[in-house]
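Novice: File final-v8.cif follows (mmCIF, C-alpha atoms):
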```
data_data
loop_
_atom_site.label_atom_id
_atom_site.label_comp_id
_atom_site.auth_asym_id
_atom_site.auth_seq_id
_atom_site.Cartn_x
_atom_site.Cartn_y
_atom_site.Cartn_z
CA MET A 1 4.42 -43.41 72.29
CA THR A 2 3.73 -42.19 75.80
CA PHE A 3 0.24 -42.19 77.27
CA ARG A 4 0.16 -38.38 77.15
CA ARG A 5 0.99 -38.31 73.43
CA GLN A 6 -1.59 -41.02 72.69
CA THR A 7 -4.24 -38.96 74.47
CA LEU A 8 -3.30 -35.82 72.48
CA VAL A 9 -3.40 -37.64 69.13
CA GLY A 10 -6.77 -39.15 70.03
CA ALA A 11 -8.19 -35.76 70.94
CA VAL A 12 -7.00 -34.29 67.64
CA LEU A 13 -8.61 -37.15 65.69
CA VAL A 14 -11.88 -36.67 67.54
CA MET A 15 -11.81 -32.94 66.72
CA VAL A 16 -11.15 -33.68 63.03
CA VAL A 17 -14.00 -36.19 62.85
CA CYS A 18 -16.40 -33.79 64.58
CA ALA A 19 -15.40 -30.91 62.30
CA ALA A 20 -15.92 -33.08 59.23
CA ALA A 21 -19.31 -34.19 60.53
CA GLN A 22 -20.32 -30.58 61.19
CA LEU A 23 -19.14 -29.53 57.73
CA GLY A 24 -21.08 -32.37 56.08
CA ALA A 25 -24.17 -31.50 58.06
CA GLY A 26 -23.79 -27.85 57.08
CA GLN A 27 -23.48 -28.76 53.40
CA SER A 28 -26.52 -31.03 53.61
CA ASP A 29 -28.48 -28.23 55.30
CA VAL A 30 -27.55 -25.81 52.50
CA VAL A 31 -28.79 -28.24 49.84
CA THR A 32 -32.03 -28.82 51.74
CA ARG A 33 -32.70 -25.08 52.13
CA ALA A 34 -31.80 -24.36 48.49
CA ARG A 35 -34.10 -27.11 47.25
CA ALA A 36 -36.98 -25.73 49.34
CA LEU A 37 -36.37 -22.21 47.94
CA ALA A 38 -36.31 -23.47 44.34
CA ILE A 39 -39.52 -25.47 44.76
CA ALA A 40 -41.18 -22.40 46.29
CA GLY A 41 -40.29 -20.39 43.18
CA GLN A 42 -37.44 -18.42 44.79
CA ARG A 43 -34.88 -19.69 42.32
CA GLY A 44 -32.63 -16.63 42.40
CA GLU A 45 -32.18 -17.00 46.16
CA ALA A 46 -31.52 -20.74 45.77
CA ILE A 47 -28.86 -20.13 43.11
CA GLU A 48 -27.11 -17.50 45.24
CA LEU A 49 -27.14 -19.77 48.31
CA LEU A 50 -25.64 -22.70 46.36
CA GLN A 51 -23.00 -20.54 44.68
CA ASN A 52 -21.88 -19.15 48.06
CA SER A 53 -21.72 -22.66 49.49
CA LEU A 54 -19.65 -23.96 46.56
CA ALA A 55 -17.20 -21.08 46.92
CA ILE A 56 -16.39 -22.54 50.35
CA SER A 57 -16.83 -26.26 49.51
CA PRO A 58 -16.25 -26.68 45.75
CA ARG A 59 -16.30 -30.50 45.95
CA ASN A 60 -19.87 -30.68 47.25
CA SER A 61 -21.37 -32.60 44.31
CA ASP A 62 -24.92 -32.53 45.72
CA ALA A 63 -24.89 -28.73 45.80
CA ARG A 64 -23.38 -28.52 42.32
CA VAL A 65 -25.96 -30.89 40.80
CA LEU A 66 -28.78 -28.92 42.41
CA LEU A 67 -27.27 -25.67 41.16
CA GLY A 68 -27.10 -27.04 37.62
CA THR A 69 -30.71 -28.26 37.88
CA VAL A 70 -32.08 -24.91 39.09
CA LEU A 71 -30.10 -23.04 36.43
CA SER A 72 -31.69 -25.28 33.79
CA TRP A 73 -35.15 -24.47 35.16
CA GLU A 74 -34.30 -20.81 34.57
CA GLY A 75 -33.28 -21.51 30.97
CA ARG A 76 -29.59 -20.75 31.70
CA TYR A 77 -28.48 -23.87 29.88
CA ASP A 78 -24.81 -23.01 29.30
CA GLU A 79 -24.28 -22.31 33.00
CA ALA A 80 -26.20 -25.44 33.98
CA ARG A 81 -24.17 -27.54 31.57
CA ARG A 82 -20.92 -26.21 33.06
CA GLU A 83 -21.92 -27.15 36.62
CA LEU A 84 -23.13 -30.62 35.70
CA GLU A 85 -20.11 -31.39 33.53
CA ALA A 86 -17.86 -30.66 36.52
CA VAL A 87 -19.60 -33.48 38.40
CA LEU A 88 -19.75 -35.89 35.44
CA THR A 89 -16.04 -35.44 34.74
CA GLU A 90 -15.28 -37.11 38.07
CA SER A 91 -18.28 -39.48 38.05
CA PRO A 92 -19.55 -40.11 34.46
CA THR A 93 -22.60 -42.10 35.63
CA HIS A 94 -23.57 -39.93 38.61
CA ALA A 95 -27.14 -40.93 39.49
CA ASP A 96 -28.42 -37.35 39.77
CA ALA A 97 -26.11 -35.36 37.48
CA LEU A 98 -26.63 -37.57 34.42
CA PRO A 99 -30.47 -37.27 34.27
CA ALA A 100 -30.16 -33.53 34.93
CA MET A 101 -27.68 -33.17 32.06
CA ILE A 102 -29.98 -35.12 29.73
CA ASN A 103 -32.80 -32.69 30.55
CA VAL A 104 -30.52 -29.74 29.82
CA GLU A 105 -29.66 -31.16 26.39
CA LEU A 106 -33.30 -31.91 25.59
CA TRP A 107 -34.55 -28.48 26.68
CA SER A 108 -31.77 -26.68 24.77
CA ASN A 109 -32.57 -28.61 21.54
CA HIS A 110 -29.47 -30.82 21.68
CA SER A 111 -31.42 -34.07 21.43
CA GLY A 112 -28.53 -35.97 19.82
CA ARG A 113 -26.32 -35.29 22.83
CA ALA A 114 -29.16 -36.33 25.17
CA GLU A 115 -29.56 -39.64 23.33
CA GLU A 116 -25.81 -40.24 23.50
CA LEU A 117 -25.73 -39.69 27.28
CA ALA A 118 -28.70 -41.97 27.90
CA SER A 119 -27.25 -44.72 25.71
CA ARG A 120 -23.94 -44.48 27.56
CA ALA A 121 -25.67 -44.92 30.90
CA LEU A 122 -27.67 -47.90 29.60
CA ARG A 123 -24.50 -49.76 28.67
CA ASN A 124 -23.75 -50.03 32.40
CA ARG A 125 -27.37 -50.18 33.63
CA PRO A 126 -29.43 -51.73 30.81
CA ASN A 127 -32.57 -52.05 32.95
CA ASP A 128 -32.57 -48.49 34.31
CA THR A 129 -36.14 -47.37 33.56
CA GLY A 130 -35.28 -43.69 34.07
CA MET A 131 -32.56 -43.84 31.43
CA LEU A 132 -34.78 -45.84 29.07
CA LEU A 133 -37.46 -43.15 29.33
CA ALA A 134 -34.88 -40.40 28.81
CA ARG A 135 -33.54 -42.15 25.69
CA ALA A 136 -37.08 -42.58 24.33
CA ARG A 137 -37.70 -38.84 24.79
CA ALA A 138 -34.48 -37.99 22.99
CA LEU A 139 -35.26 -40.36 20.12
CA SER A 140 -38.74 -38.88 19.80
CA ALA A 141 -37.27 -35.36 19.64
CA LEU A 142 -34.92 -36.61 16.90
CA LYS A 143 -37.97 -37.88 14.95
CA ARG A 144 -36.76 -41.47 15.34
CA GLU A 145 -40.19 -42.58 16.50
CA THR A 146 -39.80 -46.28 15.69
CA GLU A 147 -36.67 -46.57 17.87
CA ALA A 148 -38.40 -44.55 20.60
CA ARG A 149 -41.37 -46.94 20.54
CA ASP A 150 -39.06 -49.97 20.77
CA THR A 151 -37.25 -48.41 23.74
CA LEU A 152 -40.57 -47.82 25.51
CA ASP A 153 -41.65 -51.41 24.83
CA ARG A 154 -38.44 -52.58 26.49
CA LEU A 155 -39.09 -50.29 29.47
CA LEU A 156 -42.66 -51.58 29.87
CA VAL A 157 -41.45 -55.18 29.99
CA ILE A 158 -39.45 -54.13 33.08
CA ASP A 159 -42.11 -51.83 34.56
CA PRO A 160 -45.54 -52.53 32.97
CA ARG A 161 -47.28 -49.85 35.05
CA ASN A 162 -44.94 -46.95 34.29
CA GLU A 163 -47.52 -44.23 33.56
CA GLN A 164 -45.09 -41.87 31.80
CA ALA A 165 -44.00 -44.61 29.43
CA LEU A 166 -47.59 -45.69 28.76
CA GLN A 167 -48.64 -42.13 27.97
CA MET A 168 -45.64 -41.52 25.73
CA ARG A 169 -46.22 -44.77 23.84
CA ARG A 170 -49.82 -43.72 23.15
CA SER A 171 -48.56 -40.44 21.73
CA LEU A 172 -45.95 -42.19 19.61
CA ARG A 173 -48.51 -44.55 18.15
CA ALA A 174 -50.48 -41.52 16.97
CA SER A 175 -47.38 -39.85 15.52
CA LEU A 176 -46.47 -43.02 13.59
CA ARG A 177 -49.77 -42.73 11.71
CA LEU A 178 -48.39 -40.63 8.90
CA TRP A 179 -51.52 -40.20 6.77
CA GLN A 180 -54.77 -38.38 7.43
CA VAL A 181 -57.91 -38.01 5.32
CA ARG A 182 -60.54 -35.49 6.28
CA VAL A 183 -63.98 -34.34 5.15
CA GLY A 184 -65.72 -31.18 6.34
CA SER A 185 -68.59 -28.80 5.69
CA LEU A 186 -69.47 -25.16 6.40
CA TYR A 187 -72.88 -23.46 6.51
CA ASP A 188 -73.35 -19.67 6.77
CA ALA A 189 -76.84 -18.20 7.34
CA PHE A 190 -77.77 -14.48 7.38
CA SER A 191 -80.31 -12.37 9.26
CA ASP A 192 -81.85 -10.88 6.08
CA HIS A 193 -82.70 -14.37 4.78
CA ARG A 194 -80.37 -14.04 1.84
CA VAL A 195 -79.17 -17.22 0.19
CA ALA A 196 -76.93 -19.24 2.53
CA TRP A 197 -73.30 -20.00 1.79
CA ARG A 198 -72.49 -23.70 1.67
CA GLU A 199 -69.06 -25.22 1.39
CA TRP A 200 -67.58 -28.74 1.42
CA GLN A 201 -63.97 -29.85 1.71
CA VAL A 202 -62.00 -33.06 1.39
CA SER A 203 -58.29 -33.35 2.08
CA VAL A 204 -55.45 -35.82 2.37
CA GLY A 205 -52.25 -35.13 4.25
CA ARG A 206 -49.02 -36.84 5.18
CA THR A 207 -46.31 -36.25 7.76
CA THR A 208 -42.81 -36.29 6.21
CA PRO A 209 -39.30 -35.94 7.70
CA ILE A 210 -39.25 -32.25 6.70
CA GLY A 211 -42.80 -31.42 7.80
CA SER A 212 -46.42 -32.14 6.90
CA ILE A 213 -47.98 -31.73 3.44
CA LEU A 214 -51.71 -31.46 2.71
CA LEU A 215 -53.77 -31.41 -0.49
CA ARG A 216 -57.30 -30.03 -0.18
CA GLY A 217 -60.23 -29.74 -2.56
CA SER A 218 -63.11 -27.32 -1.82
CA ARG A 219 -66.52 -26.66 -3.37
CA ALA A 220 -68.76 -23.66 -2.60
CA GLU A 221 -72.37 -22.99 -3.60
CA ARG A 222 -74.37 -19.75 -3.55
CA PHE A 223 -76.86 -17.91 -5.79
CA GLY A 224 -77.07 -21.00 -7.96
CA LEU A 225 -73.31 -20.75 -8.61
CA LYS A 226 -70.82 -23.53 -7.94
CA ASP A 227 -67.09 -23.09 -7.70
CA ASP A 228 -64.16 -25.42 -7.01
CA GLN A 229 -60.72 -24.80 -5.58
CA VAL A 230 -57.64 -26.97 -5.09
CA GLU A 231 -55.03 -26.05 -2.50
CA LEU A 232 -51.63 -27.34 -1.41
CA GLU A 233 -50.32 -26.61 2.10
CA MET A 234 -46.90 -27.37 3.58
CA TYR A 235 -45.40 -26.87 7.06
CA PRO A 236 -41.63 -27.31 6.58
CA ARG A 237 -39.31 -27.38 9.61
CA LEU A 238 -36.35 -25.12 8.95
CA ARG A 239 -34.38 -25.63 12.17
CA PRO A 240 -35.12 -26.30 15.86
CA GLY A 241 -37.66 -23.69 16.95
CA THR A 242 -38.30 -22.39 13.42
CA TYR A 243 -40.86 -23.61 10.89
CA ALA A 244 -42.96 -22.18 8.07
CA TYR A 245 -46.41 -22.34 6.55
CA VAL A 246 -46.56 -22.21 2.75
CA ALA A 247 -49.74 -22.56 0.68
CA GLY A 248 -50.97 -22.10 -2.85
CA ALA A 249 -54.54 -22.39 -4.18
CA TYR A 250 -56.15 -22.20 -7.62
CA ALA A 251 -59.79 -21.90 -8.75
CA PRO A 252 -60.19 -22.33 -12.53
CA ASN A 253 -63.58 -20.56 -12.71
CA ALA A 254 -62.98 -17.93 -10.00
CA LEU A 255 -66.70 -17.41 -9.32
CA LEU A 256 -66.79 -17.73 -5.52
CA TYR A 257 -63.10 -18.31 -4.76
CA PRO A 258 -60.18 -16.09 -5.82
CA GLU A 259 -58.48 -17.22 -8.99
CA TYR A 260 -55.32 -17.81 -6.96
CA ARG A 261 -54.16 -17.56 -3.38
CA TYR A 262 -50.56 -17.54 -2.15
CA ALA A 263 -49.66 -17.56 1.54
CA ALA A 264 -46.47 -17.84 3.59
CA ASP A 265 -45.79 -17.49 7.33
CA LEU A 266 -42.54 -17.85 9.25
CA TYR A 267 -42.88 -19.05 12.86
CA GLN A 268 -40.16 -18.63 15.48
CA SER A 269 -39.96 -19.83 19.06
CA LEU A 270 -39.07 -16.86 21.29
CA GLY A 271 -38.45 -18.75 24.53
CA ALA A 272 -40.44 -18.84 27.77
CA GLY A 273 -43.37 -20.43 25.90
CA PHE A 274 -43.76 -17.58 23.39
CA GLU A 275 -43.97 -18.01 19.61
CA GLY A 276 -44.20 -15.25 16.99
CA SER A 277 -44.93 -15.20 13.27
CA MET A 278 -44.91 -12.84 10.30
CA GLY A 279 -46.58 -13.60 6.97
CA PHE A 280 -47.94 -12.50 3.63
CA ARG A 281 -50.93 -13.44 1.44
CA ARG A 282 -51.93 -12.48 -2.08
CA LEU A 283 -55.40 -13.26 -3.40
CA GLY A 284 -56.48 -13.03 -7.04
CA PHE A 285 -59.69 -11.01 -6.66
CA GLY A 286 -59.64 -8.88 -9.85
CA ARG A 287 -56.49 -6.77 -9.58
CA GLY A 288 -55.21 -8.77 -6.60
CA VAL A 289 -55.18 -8.15 -2.85
CA ASN A 290 -52.08 -8.11 -0.62
CA ILE A 291 -52.43 -8.97 3.06
CA TYR A 292 -49.76 -8.82 5.78
CA ALA A 293 -50.18 -10.97 8.88
CA GLY A 294 -48.53 -11.28 12.27
CA SER A 295 -49.19 -13.27 15.43
CA LEU A 296 -47.93 -13.80 18.96
CA SER A 297 -48.76 -16.95 20.97
CA LYS A 298 -48.07 -17.99 24.53
CA TYR A 299 -48.14 -21.57 25.79
CA TYR A 300 -48.93 -21.80 29.50
CA GLY A 301 -49.33 -25.33 30.78
CA GLN A 302 -52.33 -26.81 28.97
CA TRP A 303 -53.40 -23.38 27.66
CA LEU A 304 -52.58 -21.59 24.40
CA PHE A 305 -53.23 -17.85 24.04
CA THR A 306 -52.93 -16.23 20.60
CA GLY A 307 -53.21 -12.71 19.21
CA ARG A 308 -53.26 -12.19 15.45
CA ALA A 309 -53.47 -9.15 13.17
CA PHE A 310 -54.09 -8.73 9.42
CA VAL A 311 -53.32 -5.52 7.51
CA THR A 312 -54.46 -4.84 3.92
CA PRO A 313 -53.08 -1.69 2.26
CA ASP A 314 -55.40 -0.15 -0.35
CA SER A 315 -55.71 3.08 -2.29
CA ALA A 316 -59.02 3.74 -0.50
CA GLY A 317 -57.41 3.22 2.92
CA THR A 318 -55.73 0.51 4.96
CA SER A 319 -57.99 -2.23 6.33
CA ARG A 320 -57.11 -3.91 9.63
CA SER A 321 -58.40 -6.92 11.51
CA TYR A 322 -57.49 -8.11 15.02
CA HIS A 323 -58.20 -11.50 16.57
CA GLY A 324 -57.65 -13.04 19.99
CA SER A 325 -58.20 -16.64 21.06
CA PHE A 326 -57.43 -19.20 23.71
CA ARG A 327 -57.50 -22.97 23.79
CA ARG A 328 -57.50 -25.45 26.65
CA TYR A 329 -55.86 -28.77 25.76
CA PHE A 330 -56.64 -32.09 27.41
CA GLY A 331 -53.99 -34.79 27.43
CA ASP A 332 -51.34 -34.89 24.73
CA ALA A 333 -53.35 -36.30 21.81
CA GLY A 334 -54.64 -32.92 20.57
CA THR A 335 -58.11 -32.67 22.16
CA TYR A 336 -59.03 -29.07 23.02
CA VAL A 337 -61.82 -26.53 23.43
CA GLY A 338 -61.45 -22.84 22.65
CA LEU A 339 -63.00 -19.41 22.23
CA ARG A 340 -62.01 -16.56 19.94
CA TYR A 341 -63.04 -13.00 19.16
CA GLY A 342 -62.24 -10.85 16.14
CA ARG A 343 -62.88 -7.32 15.02
CA GLY A 344 -62.10 -5.50 11.81
CA GLY A 345 -62.12 -5.86 8.05
CA TRP A 346 -63.04 -9.54 8.01
CA ARG A 347 -64.24 -12.22 10.35
CA GLU A 348 -61.20 -14.49 10.10
CA GLU A 349 -58.70 -15.61 7.43
CA LEU A 350 -59.76 -14.18 4.05
CA ARG A 351 -60.35 -17.09 1.65
CA ASN A 352 -63.46 -16.55 -0.49
CA ARG A 353 -65.89 -13.95 -1.83
CA ASN A 354 -68.21 -14.22 1.17
CA ASP A 355 -65.34 -13.05 3.40
CA PHE A 356 -64.18 -10.43 0.88
CA ASP A 357 -67.48 -8.50 0.95
CA VAL A 358 -67.12 -7.62 4.67
CA LEU A 359 -66.16 -4.01 5.48
CA ASP A 360 -66.24 -4.26 9.28
CA SER A 361 -67.22 -7.02 11.71
CA ASN A 362 -67.38 -8.23 15.29
CA VAL A 363 -67.27 -12.00 15.58
CA GLY A 364 -67.24 -14.49 18.43
CA ALA A 365 -66.67 -18.21 17.99
CA ALA A 366 -66.43 -21.41 20.02
CA GLU A 367 -64.55 -24.46 18.80
CA ALA A 368 -63.72 -27.97 19.91
CA THR A 369 -61.55 -30.80 18.59
CA VAL A 370 -61.79 -34.30 20.01
CA ILE A 371 -59.37 -37.14 19.24
CA LEU A 372 -61.09 -40.53 19.47
CA SER A 373 -59.04 -43.71 19.90
CA GLY A 374 -55.97 -41.95 18.51
CA ARG A 375 -57.34 -42.29 14.96
CA LEU A 376 -60.53 -40.27 14.56
CA GLU A 377 -60.53 -36.47 14.82
CA LEU A 378 -63.82 -34.59 15.19
CA ASN A 379 -63.94 -30.77 14.81
CA VAL A 380 -66.92 -28.50 15.47
CA THR A 381 -66.95 -24.68 15.29
CA GLY A 382 -69.85 -22.28 15.74
CA SER A 383 -69.68 -18.48 15.35
CA TYR A 384 -71.85 -15.37 15.39
CA SER A 385 -70.90 -12.05 13.79
CA ARG A 386 -72.38 -8.61 13.24
CA GLU A 387 -71.08 -7.12 9.99
CA ASP A 388 -71.11 -4.09 7.76
CA ARG A 389 -71.02 -5.14 4.13
CA VAL A 390 -70.87 -3.31 0.82
CA GLU A 391 -74.66 -3.37 0.37
CA ARG A 392 -75.90 -3.68 3.99
CA ARG A 393 -74.95 -2.53 7.49
CA GLY A 394 -75.69 -4.41 10.70
CA LEU A 395 -76.01 -7.78 9.00
CA ARG A 396 -75.84 -10.78 11.32
CA GLN A 397 -74.17 -14.00 10.21
CA TYR A 398 -74.44 -17.42 11.85
CA SER A 399 -71.87 -20.07 10.95
CA LEU A 400 -71.45 -23.74 11.75
CA SER A 401 -68.65 -25.94 10.50
CA SER A 402 -67.73 -29.55 11.22
CA GLY A 403 -65.11 -32.01 10.11
CA LEU A 404 -64.11 -35.63 10.58
CA GLY A 405 -60.58 -36.90 10.04
CA LEU A 406 -59.02 -40.38 10.05
CA ARG A 407 -55.34 -41.05 10.77
CA PHE A 408 -53.67 -44.16 9.48
#
```
Let's see the structure in the file written out as structure tokens.
Specialist:
Amino acid sequence: MTFRRQTLVGAVLVMVVCAAAQLGAGQSDVVTRARALAIAGQRGEAIELLQNSLAISPRNSDARVLLGTVLSWEGRYDEARRELEAVLTESPTHADALPAMINVELWSNHSGRAEELASRALRNRPNDTGMLLARARALSALKRETEARDTLDRLLVIDPRNEQALQMRRSLRASLRLWQVRVGSLYDAFSDHRVAWREWQVSVGRTTPIGSILLRGSRAERFGLKDDQVELEMYPRLRPGTYAYVAGAYAPNALLYPEYRYAADLYQSLGAGFEGSMGFRRLGFGRGVNIYAGSLSKYYGQWLFTGRAFVTPDSAGTSRSYHGSFRRYFGDAGTYVGLRYGRGGWREELRNRNDFDVLDSNVGAAEATVILSGRLELNVTGSYSREDRVERRGLRQYSLSSGLGLRF
């Protein structure tokens, strides 16, 4: 090869290398800008930027992984899965695509697939703490808490100070305590110095693979009368995002409690942190009372906002009651404080004769639940209401309730 040809070939090679370097730098710049947009909350702009970049450079795996991640943040799981699978097809253990895909499967309620992906990665990298934590999360979502705990123990041998693993293990220890016993009391006082309403409760409950079950016994006293009630409650899980509340109660003497009480609610996750429910109750006060219930809740970070309505059709006119509340949770053990307000035909859920005598009411309440050492649960609720009753208008009622539960 002549010197002239060698010079020409060298120049071409230099141009190719420079063009490749510029292209790589441009791709890296696109990923950096898209990541900044997504973190700033401009996810639509980030998605559009990445899609335009991939139309030009479809083999840019960094851009495709980021696109799949941002799509998953937007809840567009099928699209996210498609982008991430394109990367994993060529590189099954891709360090960024695999964790992102596991998150997609967890968030879209495909926990079995998430566990499978994490286990596959651990066969090649058995000490990968990120994959161990991902597998523990998947196992927990699958209700395989014992395996999840063992996986976390293995992780903490490798990284004893992993805060996420420590926090999750504390939560799992609480969830593995399947039984709970609880005692509680309620005291209602009135502004006209009428006889107070007193009530005591004791219950035992257990978490099962299909949902929790609780058996409760209650005793009420007023006007020298005593009445007892036994109640069974269940919270069956029907499918991911759907569960129910079913209850039945019976009072053999029916002096202060209804002779019977049936209740059923169906709860459905609506996405974006929203949950709705519709329900029905029937209470055996004389000829029987039918009540229709509905609620809408929104989870926002550590906050829970709930609106609830009760409607009771009657020949004398339909009675309605509306309630709003919020709770602020602390940690993941169940500790919270909250406030609620209600207005209408009764102060809260209709359960006994004291509630049944209310025609109209305005009620405000404050509540708190504290979990101590993962085993003890302390509940305190105080409320004030101004009520119109059958025999008196403008009556004021002061209520205080407390409870103590033990998990084991």
Novice: Tell me which residues the PyMOL selection byres ((chain A and resi 124-133) around 12) grabs here, as an MDAnalysis selection string.
Specialist: chainID A and resid 92:96 98:103 114:123 134:140 147:169
Novice: Write the residues of the selection above to a file with C-alpha atoms, as an mmCIF file, keeping the file's coordinate frame.
Specialist:
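What ended up in out-v2.cif:
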```cif
data_model
loop_
_atom_site.group_PDB
_atom_site.id
_atom_site.type_symbol
_atom_site.label_atom_id
_atom_site.label_comp_id
_atom_site.auth_asym_id
_atom_site.auth_seq_id
_atom_site.Cartn_x
_atom_site.Cartn_y
_atom_site.Cartn_z
ATOM 1 C CA PRO A 92 -19.550 -40.110 34.460
ATOM 2 C CA THR A 93 -22.600 -42.100 35.630
ATOM 3 C CA HIS A 94 -23.570 -39.930 38.610
ATOM 4 C CA ALA A 95 -27.140 -40.930 39.490
ATOM 5 C CA ASP A 96 -28.420 -37.350 39.770
ATOM 6 C CA LEU A 98 -26.630 -37.570 34.420
ATOM 7 C CA PRO A 99 -30.470 -37.270 34.270
ATOM 8 C CA ALA A 100 -30.160 -33.530 34.930
ATOM 9 C CA MET A 101 -27.680 -33.170 32.060
ATOM 10 C CA ILE A 102 -29.980 -35.120 29.730
ATOM 11 C CA ASN A 103 -32.800 -32.690 30.550
ATOM 12 C CA ALA A 114 -29.160 -36.330 25.170
ATOM 13 C CA GLU A 115 -29.560 -39.640 23.330
ATOM 14 C CA GLU A 116 -25.810 -40.240 23.500
ATOM 15 C CA LEU A 117 -25.730 -39.690 27.280
ATOM 16 C CA ALA A 118 -28.700 -41.970 27.900
ATOM 17 C CA SER A 119 -27.250 -44.720 25.710
ATOM 18 C CA ARG A 120 -23.940 -44.480 27.560
ATOM 19 C CA ALA A 121 -25.670 -44.920 30.900
ATOM 20 C CA LEU A 122 -27.670 -47.900 29.600
ATOM 21 C CA ARG A 123 -24.500 -49.760 28.670
ATOM 22 C CA ALA A 134 -34.880 -40.400 28.810
ATOM 23 C CA ARG A 135 -33.540 -42.150 25.690
ATOM 24 C CA ALA A 136 -37.080 -42.580 24.330
ATOM 25 C CA ARG A 137 -37.700 -38.840 24.790
ATOM 26 C CA ALA A 138 -34.480 -37.990 22.990
ATOM 27 C CA LEU A 139 -35.260 -40.360 20.120
ATOM 28 C CA SER A 140 -38.740 -38.880 19.800
ATOM 29 C CA GLU A 147 -36.670 -46.570 17.870
ATOM 30 C CA ALA A 148 -38.400 -44.550 20.600
ATOM 31 C CA ARG A 149 -41.370 -46.940 20.540
ATOM 32 C CA ASP A 150 -39.060 -49.970 20.770
ATOM 33 C CA THR A 151 -37.250 -48.410 23.740
ATOM 34 C CA LEU A 152 -40.570 -47.820 25.510
ATOM 35 C CA ASP A 153 -41.650 -51.410 24.830
ATOM 36 C CA ARG A 154 -38.440 -52.580 26.490
ATOM 37 C CA LEU A 155 -39.090 -50.290 29.470
ATOM 38 C CA LEU A 156 -42.660 -51.580 29.870
ATOM 39 C CA VAL A 157 -41.450 -55.180 29.990
ATOM 40 C CA ILE A 158 -39.450 -54.130 33.080
ATOM 41 C CA ASP A 159 -42.110 -51.830 34.560
ATOM 42 C CA PRO A 160 -45.540 -52.530 32.970
ATOM 43 C CA ARG A 161 -47.280 -49.850 35.050
ATOM 44 C CA ASN A 162 -44.940 -46.950 34.290
ATOM 45 C CA GLU A 163 -47.520 -44.230 33.560
ATOM 46 C CA GLN A 164 -45.090 -41.870 31.800
ATOM 47 C CA ALA A 165 -44.000 -44.610 29.430
ATOM 48 C CA LEU A 166 -47.590 -45.690 28.760
ATOM 49 C CA GLN A 167 -48.640 -42.130 27.970
ATOM 50 C CA MET A 168 -45.640 -41.520 25.730
ATOM 51 C CA ARG A 169 -46.220 -44.770 23.840
#
```
Novice: Within 10 Å of segment 277-293 of chain A, counting all atoms listed in the file, which residues qualify if same-chain residues fewer than 5 places away don't, as an mmCIF file with C-alpha atoms, in the frame of the given file?
Specialist:
```
data_model
loop_
_atom_site.group_PDB
_atom_site.id
_atom_site.type_symbol
_atom_site.label_atom_id
_atom_site.label_comp_id
_atom_site.auth_asym_id
_atom_site.auth_seq_id
_atom_site.Cartn_x
_atom_site.Cartn_y
_atom_site.Cartn_z
ATOM 1 C CA THR A 242 -38.300 -22.390 13.420
ATOM 2 C CA TYR A 243 -40.860 -23.610 10.890
ATOM 3 C CA ALA A 244 -42.960 -22.180 8.070
ATOM 4 C CA TYR A 245 -46.410 -22.340 6.550
ATOM 5 C CA VAL A 246 -46.560 -22.210 2.750
ATOM 6 C CA ALA A 247 -49.740 -22.560 0.680
ATOM 7 C CA GLY A 248 -50.970 -22.100 -2.850
ATOM 8 C CA ALA A 249 -54.540 -22.390 -4.180
ATOM 9 C CA TYR A 250 -56.150 -22.200 -7.620
ATOM 10 C CA ALA A 251 -59.790 -21.900 -8.750
ATOM 11 C CA ALA A 254 -62.980 -17.930 -10.000
ATOM 12 C CA LEU A 255 -66.700 -17.410 -9.320
ATOM 13 C CA LEU A 256 -66.790 -17.730 -5.520
ATOM 14 C CA TYR A 257 -63.100 -18.310 -4.760
ATOM 15 C CA PRO A 258 -60.180 -16.090 -5.820
ATOM 16 C CA GLU A 259 -58.480 -17.220 -8.990
ATOM 17 C CA TYR A 260 -55.320 -17.810 -6.960
ATOM 18 C CA ARG A 261 -54.160 -17.560 -3.380
ATOM 19 C CA TYR A 262 -50.560 -17.540 -2.150
ATOM 20 C CA ALA A 263 -49.660 -17.560 1.540
ATOM 21 C CA ALA A 264 -46.470 -17.840 3.590
ATOM 22 C CA ASP A 265 -45.790 -17.490 7.330
ATOM 23 C CA LEU A 266 -42.540 -17.850 9.250
ATOM 24 C CA TYR A 267 -42.880 -19.050 12.860
ATOM 25 C CA GLN A 268 -40.160 -18.630 15.480
ATOM 26 C CA SER A 269 -39.960 -19.830 19.060
ATOM 27 C CA ARG A 308 -53.260 -12.190 15.450
ATOM 28 C CA ALA A 309 -53.470 -9.150 13.170
ATOM 29 C CA PHE A 310 -54.090 -8.730 9.420
ATOM 30 C CA VAL A 311 -53.320 -5.520 7.510
ATOM 31 C CA THR A 312 -54.460 -4.840 3.920
ATOM 32 C CA PRO A 313 -53.080 -1.690 2.260
ATOM 33 C CA ASP A 314 -55.400 -0.150 -0.350
ATOM 34 C CA SER A 319 -57.990 -2.230 6.330
ATOM 35 C CA ARG A 320 -57.110 -3.910 9.630
ATOM 36 C CA SER A 321 -58.400 -6.920 11.510
ATOM 37 C CA TYR A 322 -57.490 -8.110 15.020
ATOM 38 C CA GLU A 349 -58.700 -15.610 7.430
ATOM 39 C CA LEU A 350 -59.760 -14.180 4.050
ATOM 40 C CA ARG A 351 -60.350 -17.090 1.650
ATOM 41 C CA ASN A 352 -63.460 -16.550 -0.490
ATOM 42 C CA ARG A 353 -65.890 -13.950 -1.830
ATOM 43 C CA PHE A 356 -64.180 -10.430 0.880
#
```
Novice: Neighbouring residues of Gly205 of chain A were defined as those with any atom within 10 Å, considering only C-alpha atoms; residues of the same chain fewer than 2 positions away were excluded. Please report them as an NGL selection string.
Specialist: :A and (178-182 or 203 or 207-208 or 212-216 or 232-234 or 407)
